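In what follows, a structure is listed as structure tokens, so that the remarks can point back to it.
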Amino acid sequence: MSHPIYIALIPIIPLACFFVLGLFGRKYFTNSAGIIGTLGLLSSTLLSLVTAYEYFFVSGKINGIYQKIEVVKYTWLEFSKGISIDMGILIDPITVMMLVVVSFVSLMVHLFSLGYMKGETRFATYYAFLALFTFSMLGLVLSSNIFQIYLFWELVGVSSFLLIGFYFEKPSAVAASKKAFIVTRFADLGFLIGILILSFYSHTLDFGVLIERLTSTGSPFLIAINAASFLGVSALTWGLLLVFIGGAGKSAMFPLHIWLPDAMEGPTPVSALIHAATMVVAGVFLVARLFPVFAISNPEALKVVMYTGAFSAFFAAVIACTQTDIKRVLAYSTMSQIGYMMFALGVSKYHGEEGLGYMGSMFHLFTHAFFKSLLFLGAGAVIHMVHSNEMKDMGGLRKLMPITHLSFLIACLAIAGIPPFSGFFSKEEILMASFESNKLVYAVALLTSGLTAFYMFRLYYSIFWSKEADTHQAHHGEGTWTMKIPLILLAILAVVAGFAPISSWITADGNPIHSSVPISFSVLPVSLAIAGILFATRLFKTSNELPQRIAIQLGSFYTAASRKFYIDEVYIFVTKKVLFNLIGRPAAWFDKNIVDGLMNLLAKLTASLSELIKGYQSGKVQDYALYFFGGIAGLIIAFIYLWK
Amino acid sequence: MNLTLFLLFPLFTAVAILIAQNSKQIRTIALGGSLLQLGMAVKLLLAYYKERAAGNTSQMLFEYIQNWFTPLGLQYHIGVDGISIAMILLTSFIVVAGILVSWNMETLSKEFFFLLLLLSLGAYGFFISLDIFTMFFFLEVAVIPKFLLIGIWGSGKKEYSAMKLALMLMGGSALIMVGIFGIYFNSHTSTGAHTFDLLLLSKMNIPIEIQKLFFPFAFLGFGIFTAIFPFHTWVPDGHASAPTAASMFLAGISMKLGGYGCLRVATFLMPDAAHAYSWVIILLATIAIIYGAFATMMQTDLKYINAYSSVSHCGFVLLGIGMLTQTSITGAVMQMVSHGLMTALFFAAIGMIYSRTHTRMVAQLGGLLKIMPFISTVFVIAGLSSLGLPGFSGFVSEMTIFMGSWQNPDKMYRLATILACASIVVTAVYILRAAGKTIMGPITNQSYEKLSDASWNEKFAAVVLISGILIVGIAPFWLINLIQPGTEIIINKLGAVISH
Amino acid sequence: MSEVPLTHILFLSTCLFFIGIYGLFTRRNMITMLMSIELMLNSVNINFVAFNKYLYPEKLDGIFFTIFVITIAAAEAAVAIAIIINLYRSHHSIDVEDATEMKY
């Protein structure tokens, strides 16, 4: 890494775009904003690719192990000696992979939006926000300091807030953006306290030093943090779990997932960028970043990660089967896939071949980014045409939008795990890792994989087959070439990304591993996936009564799933009833009536006291004279009789 | 660098305003004077760096002593360190912005601007004083204009609010007076005389029983200025009734006088008592933070929202001071600067909205982003800064306080820190509620559609404050480097206590 | 000729003083009140002279004070009458009960 400057440029270019478009966009670049943003991002993407090439093929390896390289480090805010927020750039395999994924998907979204958002009055603002998001996300993955990652973490949250609420006149969009921000913020509280705990015991905020101090055996810092405990749990576990809560919030893990489906109120390309490929995997990235600490020093915390991930994967898949809004189906599917990545980390260990889960998780993150953003962009193209998110308004679109149809099909096959599409490879690694580590999780994963195939093809058939509709007159065809190119590029990647030699690039300890999943192992998951697809074909290829009947058969379970298991209602109860009515309102009342009342009472007491004695100030000279002489007489008496 | 200029400039400007002919002249003079102040403040910062770079390591720079009333040992003793310079910079930013937003003040404009400048005079005098009696004197100079500003140019139940504010602050002053007299009469210089001199006092060891007796007076007195629970109720009423510029001065400058006094006078001069009572401070601060945040959530008037959130944010200042670690105290000073800037910006934005829509009720507003994009953006920026978004000043100061507080290993203090951290979630709730309803959403009132966006003076004011927020938020290292030498001396004095 | 004892003179001055007080409290007419005050001042004067004569016959302090008091009383009468005249102009009365504006 002889030229750190160009790595620093990768996030700085979008930042510059943000400032230029944000300050002057409305006036000077009303139409060219998209081009500026896209070109800026194109250069970032190219730089990312150069970085990846440099790192993986030229200079990243020392003695066959990929190194963590701190390229830049600048003290930004020094709290006290040794504890400071440094703005730095840390290059390691997962950073490089994320750089490529984020910048590439963001570029695709920029390109797609040129057509999709055309004619919006706040077109320049939209691109400014996109640039801000891209900057924050790139900054997040490059962070070399745990507080730096928190800083970008918050920025990512706010740019997501701005983008979800982009259609600010829609109350539902405003509500969704608020919800997304507040829920993730609540999770970030855990992250923040986790940082406080970890930094207090390790006396550093720097990732490299932190990991080193908390993993090397016999390190005094590790002993101290393990010795300190609260409620019977060691401080290290607390710290890691709290950090994980932050990650779970951003990555929409149960029970902090409620913001993700609502976040679909934002423009669809935004969903493709933020809520499919980049921001939502930040939690996975965070756990991966601290993975040595989890895996070496505290397997208990890692267990929590595993179970949370596995449950979320299954839970979301069940809900996804019942949703009718296509973007919500995709949102739950995202949650489910991220659950996969999470439990893959959870089942993994640190050293060598045992780190298969880590590798699988990162691999899945990589492939998922392409096919999921493809699905979202495809959904965007569909919505652009139909002007509705509901499945019932769609159907039979395959002839009207051939490219979208084909790419969507590819993405569905990829996510379902059908060979040789990319999802197959990454999913196999994850299944393999969980099979070797925890049979229960393996079973859940297998089941989820079948469900995934089912609901994805339910979605696919409902959009493109179902009814032979010529009701949809193509208003403006399939969209401009700027909308088609990203679909095509992403479709290609969704096919080939699985062949990337991730296992020799990205591993927990930097040592390449040779992972080969035996074909016999793949039979079961693939046949389950095919079964799911066939079942969906039977149910949804042509419109028939069967889905309705099954729904009735399932009864209350189906209702519960379609109402998302009433988690939202629970949250509303907690916030509206408990926070507002039981804490907020009494606090406001208490302040107005008791605290302020006491102040007013004090004032009133003073006033009434003066009322009591003001009669003495009668204005009559003779009264005053009387008091005067009375006073003197009193003093004389006191003087004579009491003065002894 | 002659610090007395910080008193003379506002004074001359104020006098010039009194002899000005018409309102145009008045505001031009006021703006010119305030820009001059800003320039002076920046020059002071540069001069400070120059002195430090030249190797001047004395605690206070640019000192000047003039006996004022020798028999009682009253001195006009001035000097600055990094903490005071930060506060002076804050003041000068807010004065410029405050004068700009009241550009169109027509009723009694002469008196209005005169009082604003008098207030700034008091604030500067307070921050440069190194004699606690002089400090007290300037504190009082800063109180009286507030009463008049609210009582004359205010809105709503202004007489009540002005009276409440003045009485509560006067009550605070009375407590402060007891506190500083307590210090004075227990001070012994080498000649045996009593002294009010801050630097001399800091080198003495006042007996611990005396400290314990007078610390509560001094701390609570200054605490009332910075809205310590339960003496914060002047804040909501006072802010809500005050005209925009007065709200900005009140929240941006006056509340900082209290925090500065708590630190410089109470904690610095009575370190033993500060240790003994730190749990009380932290308790009250935590209550203010959490309870202020929840009370904010229920407010329906934008100004009340910001006023209550000020209570919550100023709680951070007290928390930082109460935790008694260097990082937390540094954070407290940063929070003063940061809160001053962002709350002034918030009040400015609210004032701009109010002057157009004639309502501040959240329920009646809506969709302003479409009608007045600039003002709405300012509002959102103020809100995001208030909820501690990175890049704005709130983030760095709050994080510094959290980091510093966590260094205090006591379990109860940890709990207080966690609760304080939790308040940032509540902050997000109320800020987003307010912004979501007023700025975003559908337009509620058709008559709003004809309203204009910000005029040049309002834009200028917003830009001044936002740039201040961004300078702190994006490059916090200069501020923390400025403040840390000052807090180090305070912490050394506090630390000496632990060791003996 | 036997001397008049001090107590007799003191008795006289006390009577005079309380007559003055009685007048001050009971009369509403300001001129009368002023006269009552003069009575009280004179009773004090008598005391001064008497004490001077009986206790410190070699000194003149008491006499000086008496002269001083008489002078002040004259000045005071001038001021008081000026006030009364002004009061009469504004209230058309010199009754003290009519001038009670200066109250709470």
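By convention in this document, the chains of the structure tokens carry letters A, B, ... by their order, each chain's residues are numbered from 1, and ligands are numbered from 1 in the order they are shown.
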Practice item. From range 158-339 of chain B, collect each residue whose DSSP state is helix (DSSP H, G or I) and return the set as a ChimeraX atom specification. Key: /B:158-185,198-202,208-225,234-241,244-269,271-297,302-323,326-339
Can you check which parts of chain B lie within 6 Å of chain A? Per residue, the shortest pair of atoms and distance in Å to one decimal, counting only C-alpha atoms, sorted by chain and number, as a tab-separated table.
residue	atom	partner	partner_atom	distance
B:Thr233	CA	A:Asp596	CA	5.6
B:Phe294	CA	A:Gly584	CA	4.7
B:Ala295	CA	A:Ala588	CA	4.3
B:Thr327	CA	A:Phe79	CA	5.8
B:Pro390	CA	A:Leu151	CA	5.7
B:Val425	CA	A:Phe186	CA	5.7
B:Met440	CA	A:Phe168	CA	5.1
B:Gly441	CA	A:Glu169	CA	4.2
B:Pro442	CA	A:Glu169	CA	4.7
B:Phe477	CA	A:Leu77	CA	5.1
Check your understanding: Can you list, as a list of chain:residue names, every protein, DNA or RNA residue that comes within 10 Å of Gly261 in chain B when you count only C-alpha atoms, leaving out same-chain residues fewer than 2 positions away?
Key -> B:Phe126, B:Phe127, B:Ile132, B:Met135, B:Phe136, B:Leu139, B:Ile176, B:Ala218, B:Phe219, B:Gly221, B:Phe222, B:Gly223, B:Phe225, B:Thr226, B:Lys256, B:Leu257, B:Gly258, B:Gly259, B:Leu263, B:Arg264, B:Val265, B:Ala266, B:Thr267, B:Phe268
Residues from the last selection, C-alpha atoms, saved as a PDB file, in the first residue's frame:
ATOM      1  CA  PHE B 126     -17.642  37.498  33.583  1.00  0.00           C
ATOM      2  CA  PHE B 127     -15.479  35.295  31.426  1.00  0.00           C
ATOM      3  CA  ILE B 132     -14.584  36.512  42.062  1.00  0.00           C
ATOM      4  CA  MET B 135     -17.073  38.150  38.330  1.00  0.00           C
ATOM      5  CA  PHE B 136     -20.153  38.463  40.493  1.00  0.00           C
ATOM      6  CA  LEU B 139     -22.907  38.321  36.413  1.00  0.00           C
ATOM      7  CA  ILE B 176     -23.488  32.827  45.014  1.00  0.00           C
ATOM      8  CA  ALA B 218     -21.809  28.627  45.351  1.00  0.00           C
ATOM      9  CA  PHE B 219     -22.583  25.542  43.287  1.00  0.00           C
ATOM     10  CA  GLY B 221     -26.246  29.473  42.938  1.00  0.00           C
ATOM     11  CA  PHE B 222     -24.372  29.042  39.689  1.00  0.00           C
ATOM     12  CA  GLY B 223     -26.350  25.881  39.104  1.00  0.00           C
ATOM     13  CA  PHE B 225     -28.138  29.818  36.093  1.00  0.00           C
ATOM     14  CA  THR B 226     -27.457  26.609  34.259  1.00  0.00           C
ATOM     15  CA  LYS B 256     -23.134  29.125  30.247  1.00  0.00           C
ATOM     16  CA  LEU B 257     -22.284  31.709  32.889  1.00  0.00           C
ATOM     17  CA  GLY B 258     -23.609  29.249  35.415  1.00  0.00           C
ATOM     18  CA  GLY B 259     -21.658  26.285  34.133  1.00  0.00           C
ATOM     19  CA  LEU B 263     -16.421  24.977  37.357  1.00  0.00           C
ATOM     20  CA  ARG B 264     -14.217  27.999  37.957  1.00  0.00           C
ATOM     21  CA  VAL B 265     -15.453  29.146  41.309  1.00  0.00           C
ATOM     22  CA  ALA B 266     -17.197  26.322  43.108  1.00  0.00           C
ATOM     23  CA  THR B 267     -15.274  23.267  41.959  1.00  0.00           C
ATOM     24  CA  PHE B 268     -11.879  24.853  41.436  1.00  0.00           C
TER      25      PHE B 268
END
Practice item. Write down, as an MDAnalysis selection string, each residue of chain C that has any atom within 7 Å of an atom of chain A, counting only C-alpha atoms. Key: chainID C and resid 25 96:97 100:104
Just to be explicit: take each residue in the selection above, keep N, CA and C atoms, and write the result as an mmCIF file, in the first residue's frame.
data_model
loop_
_atom_site.group_PDB
_atom_site.id
_atom_site.type_symbol
_atom_site.label_atom_id
_atom_site.label_comp_id
_atom_site.auth_asym_id
_atom_site.auth_seq_id
_atom_site.Cartn_x
_atom_site.Cartn_y
_atom_site.Cartn_z
ATOM 1 N N PHE C 25 -50.592 62.449 68.507
ATOM 2 C CA PHE C 25 -51.375 61.294 68.100
ATOM 3 C C PHE C 25 -52.851 61.601 67.913
ATOM 4 N N VAL C 96 -54.094 65.341 58.252
ATOM 5 C CA VAL C 96 -53.182 64.251 57.865
ATOM 6 C C VAL C 96 -53.916 63.043 57.306
ATOM 7 N N GLU C 97 -55.142 62.844 57.722
ATOM 8 C CA GLU C 97 -55.877 61.677 57.245
ATOM 9 C C GLU C 97 -56.176 61.784 55.753
ATOM 10 N N THR C 100 -52.856 60.169 52.505
ATOM 11 C CA THR C 100 -52.342 58.818 52.772
ATOM 12 C C THR C 100 -51.977 58.111 51.472
ATOM 13 N N GLU C 101 -51.570 58.886 50.479
ATOM 14 C CA GLU C 101 -51.202 58.244 49.206
ATOM 15 C C GLU C 101 -49.972 57.364 49.360
ATOM 16 N N MET C 102 -49.092 57.705 50.229
ATOM 17 C CA MET C 102 -47.825 56.986 50.326
ATOM 18 C C MET C 102 -47.984 55.706 51.136
ATOM 19 N N LYS C 103 -48.883 54.862 50.651
ATOM 20 C CA LYS C 103 -49.010 53.595 51.357
ATOM 21 C C LYS C 103 -48.674 52.446 50.405
ATOM 22 N N TYR C 104 -48.776 51.212 50.892
ATOM 23 C CA TYR C 104 -48.370 50.032 50.151
ATOM 24 C C TYR C 104 -48.795 50.026 48.686
#
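Comparing the minimum interatomic distances between Ser455 in chain B and each of B:Leu470, B:Ile99, B:Ile375, B:Leu18, counting only C-alpha atoms, we find that B:Ile375 sits nearest.
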Exercise for review: Would you kindly return, as a ChimeraX atom specification, each protein, DNA or RNA residue with an atom no farther than 9 Å from any atom of range 20-32 of chain B, considering only C-alpha atoms and excluding same-chain residues fewer than 6 positions away?
Suggested key: /B:13-14,95-96,99-100,102-106,108-110,113-114,117
Residue selection dump (N, CA and C atoms) as a PDB file, in the first residue's frame:
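What landed in selection26.pdb:
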ATOM      1  N   THR B  13     -20.106  50.494  21.676  1.00  0.00           N
ATOM      2  CA  THR B  13     -21.187  50.202  20.741  1.00  0.00           C
ATOM      3  C   THR B  13     -22.517  50.583  21.360  1.00  0.00           C
ATOM      4  N   ALA B  14     -22.690  50.223  22.628  1.00  0.00           N
ATOM      5  CA  ALA B  14     -23.945  50.526  23.298  1.00  0.00           C
ATOM      6  C   ALA B  14     -24.175  52.020  23.375  1.00  0.00           C
ATOM      7  N   VAL B  95     -23.589  36.636  19.760  1.00  0.00           N
ATOM      8  CA  VAL B  95     -23.973  38.046  19.681  1.00  0.00           C
ATOM      9  C   VAL B  95     -24.213  38.434  18.221  1.00  0.00           C
ATOM     10  N   VAL B  96     -23.314  38.033  17.347  1.00  0.00           N
ATOM     11  CA  VAL B  96     -23.506  38.365  15.930  1.00  0.00           C
ATOM     12  C   VAL B  96     -24.828  37.800  15.421  1.00  0.00           C
ATOM     13  N   ILE B  99     -27.949  39.529  16.908  1.00  0.00           N
ATOM     14  CA  ILE B  99     -28.254  40.846  16.354  1.00  0.00           C
ATOM     15  C   ILE B  99     -28.806  40.714  14.939  1.00  0.00           C
ATOM     16  N   LEU B 100     -28.297  39.747  14.214  1.00  0.00           N
ATOM     17  CA  LEU B 100     -28.793  39.568  12.846  1.00  0.00           C
ATOM     18  C   LEU B 100     -30.246  39.123  12.818  1.00  0.00           C
ATOM     19  N   SER B 102     -32.515  39.797  14.902  1.00  0.00           N
ATOM     20  CA  SER B 102     -33.456  40.838  15.316  1.00  0.00           C
ATOM     21  C   SER B 102     -33.308  42.081  14.440  1.00  0.00           C
ATOM     22  N   TRP B 103     -32.879  41.863  13.219  1.00  0.00           N
ATOM     23  CA  TRP B 103     -32.633  42.960  12.290  1.00  0.00           C
ATOM     24  C   TRP B 103     -33.881  43.820  12.102  1.00  0.00           C
ATOM     25  N   ASN B 104     -35.023  43.205  12.056  1.00  0.00           N
ATOM     26  CA  ASN B 104     -36.239  43.956  11.762  1.00  0.00           C
ATOM     27  C   ASN B 104     -36.985  44.381  13.012  1.00  0.00           C
ATOM     28  N   MET B 105     -36.311  44.390  14.129  1.00  0.00           N
ATOM     29  CA  MET B 105     -36.935  44.838  15.375  1.00  0.00           C
ATOM     30  C   MET B 105     -37.244  46.329  15.258  1.00  0.00           C
ATOM     31  N   GLU B 106     -38.515  46.691  15.314  1.00  0.00           N
ATOM     32  CA  GLU B 106     -38.862  48.093  15.131  1.00  0.00           C
ATOM     33  C   GLU B 106     -39.273  48.769  16.435  1.00  0.00           C
ATOM     34  N   LEU B 108     -39.000  50.152  19.836  1.00  0.00           N
ATOM     35  CA  LEU B 108     -37.952  50.532  20.791  1.00  0.00           C
ATOM     36  C   LEU B 108     -36.617  49.884  20.426  1.00  0.00           C
ATOM     37  N   SER B 109     -36.264  49.964  19.174  1.00  0.00           N
ATOM     38  CA  SER B 109     -35.085  49.211  18.727  1.00  0.00           C
ATOM     39  C   SER B 109     -33.824  49.716  19.426  1.00  0.00           C
ATOM     40  N   LYS B 110     -33.783  51.003  19.723  1.00  0.00           N
ATOM     41  CA  LYS B 110     -32.591  51.546  20.377  1.00  0.00           C
ATOM     42  C   LYS B 110     -32.348  50.834  21.707  1.00  0.00           C
ATOM     43  N   PHE B 113     -31.376  46.927  21.259  1.00  0.00           N
ATOM     44  CA  PHE B 113     -29.989  46.611  20.929  1.00  0.00           C
ATOM     45  C   PHE B 113     -29.043  47.034  22.049  1.00  0.00           C
ATOM     46  N   PHE B 114     -29.401  48.134  22.707  1.00  0.00           N
ATOM     47  CA  PHE B 114     -28.584  48.573  23.837  1.00  0.00           C
ATOM     48  C   PHE B 114     -28.513  47.475  24.896  1.00  0.00           C
ATOM     49  N   LEU B 117     -26.403  44.487  23.889  1.00  0.00           N
ATOM     50  CA  LEU B 117     -24.961  44.712  24.017  1.00  0.00           C
ATOM     51  C   LEU B 117     -24.534  44.775  25.476  1.00  0.00           C
TER      52      LEU B 117
END
Exercise for review: Can you pull out every residue within 12 Å of range 45-62 of chain B, counting only C-alpha atoms, but drop anything in the same chain fewer than 5 positions away, and send it as a VMD selection string?
Suggested key: chain B and resid 1 to 5 38 to 40 77 to 90 128 to 130 198 to 199 202 478 to 479 481 to 490
Exercise for review: Work out how far CA of Pro267 in chain A is from CA of Ala16 in chain A, in Å to one decimal.
Suggested key: 23.0 Å
Review point. Got a sec: who's within 10 Å of Gly62 in chain C, counting only C-alpha atoms, leaving out chain neighbours fewer than 6 positions off, as a list of chain:residue names?
Key: C:Asn45, C:Ile46, C:Asn47, C:Phe48, C:Val49, C:Ala50, C:Phe51, C:Asn52, C:Lys53, C:Tyr56, C:Phe68
Take the residues that were just selected and, keeping C-alpha atoms, output them as a PDB file, in the first residue's frame.
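Okay, again-v9.pdb is ready:
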ATOM      1  CA  ASN C  45     -34.710  71.367  76.226  1.00  0.00           C
ATOM      2  CA  ILE C  46     -35.878  71.628  79.830  1.00  0.00           C
ATOM      3  CA  ASN C  47     -34.250  68.293  80.557  1.00  0.00           C
ATOM      4  CA  PHE C  48     -30.990  69.416  79.035  1.00  0.00           C
ATOM      5  CA  VAL C  49     -30.896  72.616  80.997  1.00  0.00           C
ATOM      6  CA  ALA C  50     -31.908  70.899  84.203  1.00  0.00           C
ATOM      7  CA  PHE C  51     -29.377  68.122  83.965  1.00  0.00           C
ATOM      8  CA  ASN C  52     -26.704  70.609  83.054  1.00  0.00           C
ATOM      9  CA  LYS C  53     -27.488  72.722  86.078  1.00  0.00           C
ATOM     10  CA  TYR C  56     -22.469  69.321  85.702  1.00  0.00           C
ATOM     11  CA  PHE C  68     -28.827  73.904  69.006  1.00  0.00           C
TER      12      PHE C  68
END
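From CA of Ser373 in chain A back to CA of Met456 in chain A, the distance works out to 14.1 Å.
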Point to revise | Non-local contacts of range 296-303 of chain A (7 Å; only C-alpha atoms; under 5 positions in same chain excluded) as a list of chain:residue names | key: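 Contacts, in chain order: A:Thr215, A:Thr237, A:Leu240, A:Leu241, A:Gly346, A:Tyr350.
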Point to revise | Interatomic distance, CA of Leu635 in chain A to CA of Leu39 in chain C (Å, one decimal) | key: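 Interatomic distance here is 22.9 Å.
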